[in-house]
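**Student:** Input structure: input17.txt, which contains compact mmCIF, C-alpha atoms.
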# COMPACT_ATOMS: atom_id res chain seq x y z
CA MET A 1 95.60 99.36 154.14
CA SER A 2 94.54 98.31 150.66
CA LEU A 3 91.12 96.74 150.32
CA ILE A 4 91.88 95.20 146.94
CA GLN A 5 95.19 94.00 145.51
CA TYR A 6 96.06 92.44 142.17
CA HIS A 7 99.46 91.64 140.65
CA PHE A 8 100.26 91.01 136.97
CA ASN A 9 103.53 89.70 135.60
CA VAL A 10 104.89 91.54 132.58
CA GLU A 11 107.63 89.92 130.50
CA LYS A 12 110.49 91.56 128.64
CA ASP A 13 109.92 91.92 124.87
CA ASP A 14 106.50 90.23 125.05
CA PHE A 15 104.73 92.58 122.64
CA ASP A 16 101.99 90.05 121.94
CA ARG A 17 100.72 90.26 125.50
CA ALA A 18 101.65 93.90 126.13
CA GLY A 19 98.57 95.71 127.38
CA GLU A 20 96.97 92.71 129.09
CA ALA A 21 97.76 93.92 132.60
CA SER A 22 96.34 97.35 131.78
CA SER A 23 93.29 95.79 130.18
CA ASN A 24 92.66 93.59 133.23
CA ILE A 25 93.07 96.55 135.58
CA LYS A 26 90.63 98.59 133.51
CA LYS A 27 88.06 95.77 133.67
CA ILE A 28 88.43 95.49 137.46
CA LEU A 29 87.93 99.25 137.91
CA ARG A 30 84.91 99.19 135.63
CA GLN A 31 83.34 96.35 137.64
CA LEU A 32 83.90 98.42 140.78
CA GLY A 33 81.99 101.30 139.20
CA ILE A 34 84.92 103.73 139.28
CA ASP A 35 84.30 107.04 137.47
CA ALA A 36 85.05 106.83 133.71
CA ALA A 37 87.40 109.83 133.72
CA ILE A 38 89.51 108.22 136.45
CA ILE A 39 89.51 104.88 134.62
CA ARG A 40 90.81 106.66 131.51
CA LYS A 41 93.70 108.18 133.49
CA VAL A 42 94.53 104.84 135.09
CA ALA A 43 94.33 103.03 131.72
CA ILE A 44 96.67 105.52 130.01
CA SER A 45 99.26 105.58 132.78
CA THR A 46 99.17 101.82 133.41
CA TYR A 47 99.55 101.07 129.70
CA GLU A 48 102.54 103.42 129.42
CA ALA A 49 104.14 101.79 132.48
CA GLU A 50 103.44 98.31 131.14
CA ILE A 51 104.91 99.12 127.72
CA ASN A 52 108.00 100.55 129.42
CA VAL A 53 108.48 97.29 131.32
CA VAL A 54 108.15 95.33 128.03
CA ILE A 55 110.46 97.62 126.05
CA HIS A 56 113.11 98.70 128.52
CA SER A 57 113.28 96.26 131.43
CA LEU A 58 114.18 92.67 132.12
CA GLY A 59 110.59 92.06 133.18
CA GLY A 60 108.53 93.04 136.17
CA VAL A 61 105.21 93.23 137.94
CA ILE A 62 102.34 95.71 137.66
CA SER A 63 100.27 95.97 140.82
CA LEU A 64 96.89 97.50 141.48
CA GLU A 65 95.91 98.45 145.01
CA ILE A 66 92.69 100.18 145.91
CA ASP A 67 91.63 101.67 149.22
CA THR A 68 88.78 103.98 150.11
CA SER A 69 90.52 107.13 148.86
CA SER A 70 92.81 106.15 145.99
CA ILE A 71 93.89 103.77 143.25
CA LYS A 72 97.58 102.93 143.43
CA ILE A 73 99.44 101.49 140.43
CA THR A 74 102.98 100.22 140.91
CA ALA A 75 105.26 99.07 138.08
CA LYS A 76 108.30 97.35 139.55
CA ASP A 77 110.91 95.84 137.25
CA ARG A 78 114.03 93.73 137.71
CA GLY A 79 116.45 96.12 136.03
CA PRO A 80 118.54 97.41 134.41
CA GLY A 81 117.51 100.71 136.05
CA ILE A 82 117.50 104.29 134.73
CA ALA A 83 120.87 106.08 134.88
CA ASN A 84 119.47 109.61 134.59
CA ILE A 85 115.83 109.97 135.68
CA GLU A 86 115.72 113.68 134.90
CA LEU A 87 116.69 112.98 131.29
CA ALA A 88 114.26 110.06 131.03
CA MET A 89 111.44 112.34 132.24
CA GLN A 90 112.03 114.83 129.41
CA ALA A 91 109.31 114.67 126.75
CA GLY A 92 110.80 113.29 123.53
CA TYR A 93 113.79 111.58 125.14
CA SER A 94 113.89 107.84 124.54
CA THR A 95 116.45 105.04 124.42
CA ALA A 96 114.08 102.73 122.49
CA SER A 97 115.45 100.72 119.55
CA ASP A 98 114.52 101.35 115.91
CA LYS A 99 112.44 98.15 115.91
CA VAL A 100 110.36 99.43 118.81
CA ARG A 101 109.99 102.86 117.20
CA GLU A 102 108.73 101.27 113.99
CA MET A 103 105.89 99.79 116.05
CA GLY A 104 104.84 103.31 117.09
CA PHE A 105 106.44 103.21 120.54
CA GLY A 106 109.53 104.98 121.85
CA ALA A 107 108.33 108.55 121.30
CA GLY A 108 109.67 109.58 124.68
CA MET A 109 106.18 110.31 125.97
CA GLY A 110 105.63 107.42 128.37
CA LEU A 111 106.90 108.90 131.62
CA PRO A 112 105.48 112.41 130.92
CA ASN A 113 102.09 110.85 130.08
CA MET A 114 102.12 108.91 133.35
CA GLU A 115 103.02 112.00 135.36
CA LYS A 116 100.23 113.97 133.67
CA CYS A 117 97.59 111.34 134.44
CA ALA A 118 98.56 110.61 138.04
CA ASP A 119 97.63 112.74 141.04
CA LYS A 120 100.86 111.59 142.68
CA PHE A 121 103.79 110.18 140.70
CA GLU A 122 107.14 108.78 141.84
CA VAL A 123 110.04 107.12 140.03
CA GLU A 124 112.73 105.33 141.98
CA SER A 125 115.53 103.64 140.12
CA VAL A 126 118.84 102.00 140.96
CA VAL A 127 121.11 100.94 138.10
CA GLY A 128 121.69 97.21 138.27
CA ILE A 129 118.67 96.68 140.54
CA GLY A 130 115.58 98.08 138.83
CA THR A 131 112.96 100.78 138.58
CA THR A 132 109.77 101.26 140.54
CA ILE A 133 107.08 103.66 139.38
CA THR A 134 104.32 104.47 141.83
CA MET A 135 101.18 106.35 140.82
CA HIS A 136 98.17 107.38 142.85
CA MET A 137 94.84 108.48 141.45
CA TYR A 138 92.42 109.83 144.05
CA ILE A 139 88.85 108.60 143.92
CA MET B 1 77.06 104.27 112.87
CA ILE B 2 80.04 102.18 111.87
CA LYS B 3 78.11 100.51 109.06
CA ASN B 4 77.49 103.92 107.47
CA ILE B 5 81.20 104.64 107.65
CA CYS B 6 81.93 101.31 105.96
CA GLU B 7 79.66 102.25 103.06
CA LYS B 8 81.13 105.73 102.75
CA ILE B 9 84.77 104.63 102.63
CA ASN B 10 84.09 101.31 100.91
CA ALA B 11 85.64 99.40 103.81
CA THR B 12 85.92 95.71 104.52
CA VAL B 13 85.18 94.72 108.11
CA ILE B 14 88.07 92.53 109.20
CA ALA B 15 87.12 92.22 112.87
CA GLY B 16 84.36 93.18 115.29
CA ALA B 17 81.55 92.61 112.78
CA ASP B 18 79.01 92.42 115.66
CA GLU B 19 79.58 96.09 116.52
CA MET B 20 78.34 97.70 113.30
CA GLU B 21 75.48 99.56 115.04
CA LYS B 22 77.88 101.39 117.35
CA GLU B 23 77.92 105.18 117.05
CA ILE B 24 81.16 107.03 116.28
CA SER B 25 81.61 110.46 117.87
CA GLY B 26 84.87 111.73 116.39
CA VAL B 27 87.96 111.00 114.33
CA TYR B 28 91.60 110.74 115.31
CA ILE B 29 94.61 110.20 113.02
CA CYS B 30 98.05 109.33 114.40
CA ASP B 31 100.53 106.45 114.44
CA LEU B 32 102.51 107.23 117.59
CA LEU B 33 100.82 105.08 120.19
CA SER B 34 101.72 107.25 123.20
CA TRP B 35 100.38 110.29 121.41
CA VAL B 36 97.13 108.51 120.61
CA MET B 37 96.98 107.28 124.19
CA SER B 38 97.03 110.83 125.54
CA HIS B 39 94.91 112.57 122.89
CA ALA B 40 92.29 110.30 121.30
CA ASN B 41 88.81 110.30 122.81
CA LYS B 42 86.22 107.70 123.64
CA GLY B 43 84.10 106.83 120.61
CA ASP B 44 86.65 108.09 118.05
CA ALA B 45 87.29 106.35 114.74
CA TRP B 46 91.09 105.98 114.79
CA ILE B 47 92.94 105.95 111.47
CA THR B 48 96.40 104.37 111.69
CA VAL B 49 98.90 102.55 109.49
CA MET B 50 100.06 100.45 112.46
CA SER B 51 99.01 96.84 111.99
CA HIS B 52 100.03 94.99 115.16
CA ALA B 53 97.99 93.86 118.16
CA ASN B 54 98.99 96.82 120.35
CA VAL B 55 96.72 98.99 118.20
CA VAL B 56 93.81 96.95 119.52
CA ALA B 57 95.11 97.28 123.10
CA VAL B 58 95.18 101.08 122.78
CA ALA B 59 91.74 101.20 121.12
CA SER B 60 90.26 98.99 123.82
CA LEU B 61 91.86 100.88 126.73
CA LEU B 62 90.53 104.21 125.42
CA ASP B 63 87.10 102.81 124.40
CA LEU B 64 87.65 104.02 120.84
CA GLY B 65 84.80 103.35 118.43
CA CYS B 66 86.75 101.60 115.68
CA VAL B 67 90.12 101.38 113.96
CA ILE B 68 90.41 102.21 110.25
CA VAL B 69 93.45 100.93 108.37
CA PRO B 70 94.15 102.88 105.16
CA GLU B 71 95.65 101.87 101.81
CA ASP B 72 94.80 98.17 102.07
CA ILE B 73 97.39 97.61 104.78
CA LYS B 74 97.18 94.04 106.02
CA MET B 75 96.53 93.71 109.76
CA ASP B 76 98.48 91.07 111.73
CA GLU B 77 96.52 87.89 112.47
CA ASP B 78 96.90 88.32 116.24
CA ALA B 79 95.57 91.88 115.95
CA ILE B 80 92.45 90.58 114.18
CA LYS B 81 92.00 87.84 116.78
CA LYS B 82 92.40 90.29 119.63
CA ALA B 83 90.00 92.79 118.03
CA ASN B 84 87.33 90.09 117.78
CA GLU B 85 87.89 89.16 121.45
CA GLU B 86 87.71 92.79 122.60
CA GLY B 87 84.85 93.77 120.27
CA ILE B 88 86.86 96.46 118.48
CA PRO B 89 85.81 96.88 114.83
CA LEU B 90 88.73 96.91 112.39
CA LEU B 91 87.93 98.41 109.00
CA SER B 92 90.19 98.19 105.98
CA THR B 93 89.96 100.45 102.95
CA SER B 94 92.03 101.32 99.87
CA MET B 95 91.65 105.06 100.59
CA ASN B 96 94.52 106.92 102.23
CA SER B 97 94.18 108.64 105.62
CA TYR B 98 93.43 112.04 104.11
CA GLU B 99 90.72 110.67 101.82
CA ILE B 100 89.15 108.82 104.75
CA ALA B 101 89.23 112.02 106.80
CA ILE B 102 87.45 113.94 104.03
CA ALA B 103 84.81 111.22 103.68
CA LEU B 104 84.18 111.16 107.45
CA ASN B 105 84.06 114.94 107.55
CA ASN B 106 81.41 114.86 104.79
CA MET B 107 79.37 112.64 107.10
CA GLY B 108 79.54 115.37 109.74
CA LEU B 109 82.09 113.61 111.91
CA GLY B 110 84.96 115.27 113.69
CA LEU B 111 83.43 118.74 113.71
What is this structure when it is put down as structure tokens?
**Tutor:**
Amino acid sequence: MSLIQYHFNVEKDDFDRAGEASSNIKKILRQLGIDAAIIRKVAISTYEAEINVVIHSLGGVISLEIDTSSIKITAKDRGPGIANIELAMQAGYSTASDKVREMGFGAGMGLPNMEKCADKFEVESVVGIGTTITMHMYI
Amino acid sequence: MIKNICEKINATVIAGADEMEKEISGVYICDLLSWVMSHANKGDAWITVMSHANVVAVASLLDLGCVIVPEDIKMDEDAIKKANEEGIPLLSTSMNSYEIAIALNNMGLGL
């Protein structure tokens, strides 16, 4: 059972507020005195997940759950879902628009970065329903 | 210290003016945010041509020391506002990224 739970709404195309959920999660972990190296991994992977929700989804929720052994980050969106997860996981592959790329996003590194930072990483996606990314970092 | 960097690269402080005593431990140059996210280190001076508020989000999440914008690029107003809120110094200079890198290297940074 999680001892601590927080949920943050993330809106589609809201680049002005992109990063707020990650920033809040980082502040919470810092207040809890979590090790700096673990906070860095959580910050990187949460930010990538949050940006993906802003860029690619119809909106969603980022959740933080902490228990005695791990930090769990979940990014759950409302669609459109990923047709080919294997392809999406390939470094350099991206479906981001030119506008998004001009902002320095859409390099096709988001999912690989998340996988690298997480001790346990899962992507579940159903086209037409949505995508859920679950990451655990052990503490 | 950031104030020494400002002198060296003739920079204008456009945000985070309270943080000028902060020490900088390295330098990182890149404009792809995901790349920066996975490679820049705490305390780095980050040189980027990106001018929107997500630059500040990345700098804050990674505890970077400051952001340096080359070639007099104008930062977005919301980026400046956010940098002041988060305490991230934003420095603007007319030098290009390479010239900034040389100047910082001459100060002994990034080695």
**Student:** For the contact check between chain A and chain B, emit one row per residue of chain A within 12 Å, containing the shortest atom pair and the distance in Å rounded to one decimal, counting only C-alpha atoms, chain then rising number order, as a Markdown table.
**Tutor:**
| residue | atom | partner | partner_atom | distance |
| --- | --- | --- | --- | --- |
| A:Asp14 | CA | B:Asn54 | CA | 11.0 |
| A:Phe15 | CA | B:Asn54 | CA | 7.5 |
| A:Asp16 | CA | B:Ala53 | CA | 6.7 |
| A:Arg17 | CA | B:Asn54 | CA | 8.5 |
| A:Ala18 | CA | B:Asn54 | CA | 7.0 |
| A:Gly19 | CA | B:Ala57 | CA | 5.7 |
| A:Glu20 | CA | B:Ala57 | CA | 7.8 |
| A:Ala21 | CA | B:Ala57 | CA | 10.4 |
| A:Ser22 | CA | B:Leu61 | CA | 7.6 |
| A:Ser23 | CA | B:Leu61 | CA | 6.3 |
| A:Asn24 | CA | B:Leu61 | CA | 9.8 |
| A:Ile25 | CA | B:Leu61 | CA | 9.9 |
| A:Lys26 | CA | B:Leu61 | CA | 7.3 |
| A:Lys27 | CA | B:Leu61 | CA | 9.4 |
| A:Leu29 | CA | B:Leu61 | CA | 12.0 |
| A:Arg30 | CA | B:Leu61 | CA | 11.4 |
| A:Ala36 | CA | B:Lys42 | CA | 10.2 |
| A:Ala37 | CA | B:Lys42 | CA | 10.4 |
| A:Ile38 | CA | B:Leu62 | CA | 11.8 |
| A:Ile39 | CA | B:Leu61 | CA | 9.2 |
| A:Arg40 | CA | B:Leu62 | CA | 6.6 |
| A:Lys41 | CA | B:Ser38 | CA | 9.0 |
| A:Val42 | CA | B:Leu61 | CA | 9.6 |
| A:Ala43 | CA | B:Leu61 | CA | 6.0 |
| A:Ile44 | CA | B:Met37 | CA | 6.1 |
| A:Ser45 | CA | B:Met37 | CA | 9.0 |
| A:Thr46 | CA | B:Leu61 | CA | 9.9 |
| A:Tyr47 | CA | B:Val58 | CA | 8.2 |
| A:Glu48 | CA | B:Ser34 | CA | 7.4 |
| A:Ala49 | CA | B:Ser34 | CA | 11.0 |
| A:Glu50 | CA | B:Ala57 | CA | 11.6 |
| A:Ile51 | CA | B:Asn54 | CA | 9.7 |
| A:Asn52 | CA | B:Ser34 | CA | 11.1 |
| A:Ala91 | CA | B:Ser34 | CA | 11.2 |
| A:Gly92 | CA | B:Ser34 | CA | 10.9 |
| A:Val100 | CA | B:Leu32 | CA | 11.1 |
| A:Arg101 | CA | B:Leu32 | CA | 8.7 |
| A:Glu102 | CA | B:Met50 | CA | 8.8 |
| A:Met103 | CA | B:Met50 | CA | 6.9 |
| A:Gly104 | CA | B:Leu32 | CA | 4.6 |
| A:Phe105 | CA | B:Leu33 | CA | 5.9 |
| A:Gly106 | CA | B:Ser34 | CA | 8.2 |
| A:Ala107 | CA | B:Ser34 | CA | 7.0 |
| A:Gly108 | CA | B:Ser34 | CA | 8.4 |
| A:Met109 | CA | B:Ser34 | CA | 6.1 |
| A:Gly110 | CA | B:Ser34 | CA | 6.5 |
| A:Leu111 | CA | B:Ser34 | CA | 10.0 |
| A:Pro112 | CA | B:Ser34 | CA | 10.0 |
| A:Asn113 | CA | B:Ser38 | CA | 6.8 |
| A:Met114 | CA | B:Ser38 | CA | 9.5 |
| A:Glu115 | CA | B:Ser38 | CA | 11.6 |
| A:Lys116 | CA | B:Ser38 | CA | 9.3 |
| A:Cys117 | CA | B:Ser38 | CA | 8.9 |
**Student:** Skipping near chain neighbours, those fewer than 5 positions away, what residues fall within 9 Å of Asn10 in chain B using only C-alpha atoms, listed as a list in words?
**Tutor:**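 The residues satisfying every condition are Ile5, Ser92, Thr93, Ser94 and Met95 of chain B.
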**Student:** Print the selection's residues with C-alpha atoms to a file, as a PDB file, keeping the file's coordinate frame.
**Tutor:**
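Saved to again08.pdb:
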ATOM      1  CA  ILE B   5      81.200 104.640 107.650  1.00  0.00           C
ATOM      2  CA  SER B  92      90.190  98.190 105.980  1.00  0.00           C
ATOM      3  CA  THR B  93      89.960 100.450 102.950  1.00  0.00           C
ATOM      4  CA  SER B  94      92.030 101.320  99.870  1.00  0.00           C
ATOM      5  CA  MET B  95      91.650 105.060 100.590  1.00  0.00           C
TER       6      MET B  95
END
**Student:** Report, in Å with one decimal, the straight-line distance from CA of Leu58 in chain A to CA of Ile4 in chain A.
**Tutor:**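 Between CA of Leu58 in chain A and CA of Ile4 in chain A the gap works out to 26.9 Å.
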**Student:** Excluding same-chain residues fewer than 6 positions from Ile68 in chain B, what lies within 8 Å of it counting only C-alpha atoms, as a PyMOL selection string?
**Tutor:** chain B and resi 45-48+90-93
**Student:** If we draw a sphere of 10 Å around (91.8, 103.0, 147.5), which residues have at least one atom in it when counting all atoms listed in the file? Please report them as a list in words.
**Tutor:**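 The distance filter leaves exactly Met1, Ser2, Leu3, Ile4, Gln5, Leu64, Glu65, Ile66, Asp67, Thr68, Ser69, Ser70, Ile71, Lys72, His136, Met137, Tyr138 and Ile139 of chain A.
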**Student:** Using Å and a single decimal, report how far CA of Ile55 in chain A sits from CA of Gly65 in chain B.
**Tutor:**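 These two atoms are separated by 27.4 Å.
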**Student:** If we count only C-alpha atoms and set the cut-off at 6 Å, which residues sit around Asn96 in chain B, ignoring sequence neighbours fewer than 2 positions away in its own chain? Please answer as a PyMOL selection string.
**Tutor:** chain B and resi 70-71+98-99
**Student:** Report, in Å with one decimal, the straight-line distance from CA of Glu77 in chain B to CA of Gly26 in chain B.
**Tutor:**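 Here the two named atoms are 26.8 Å from each other.
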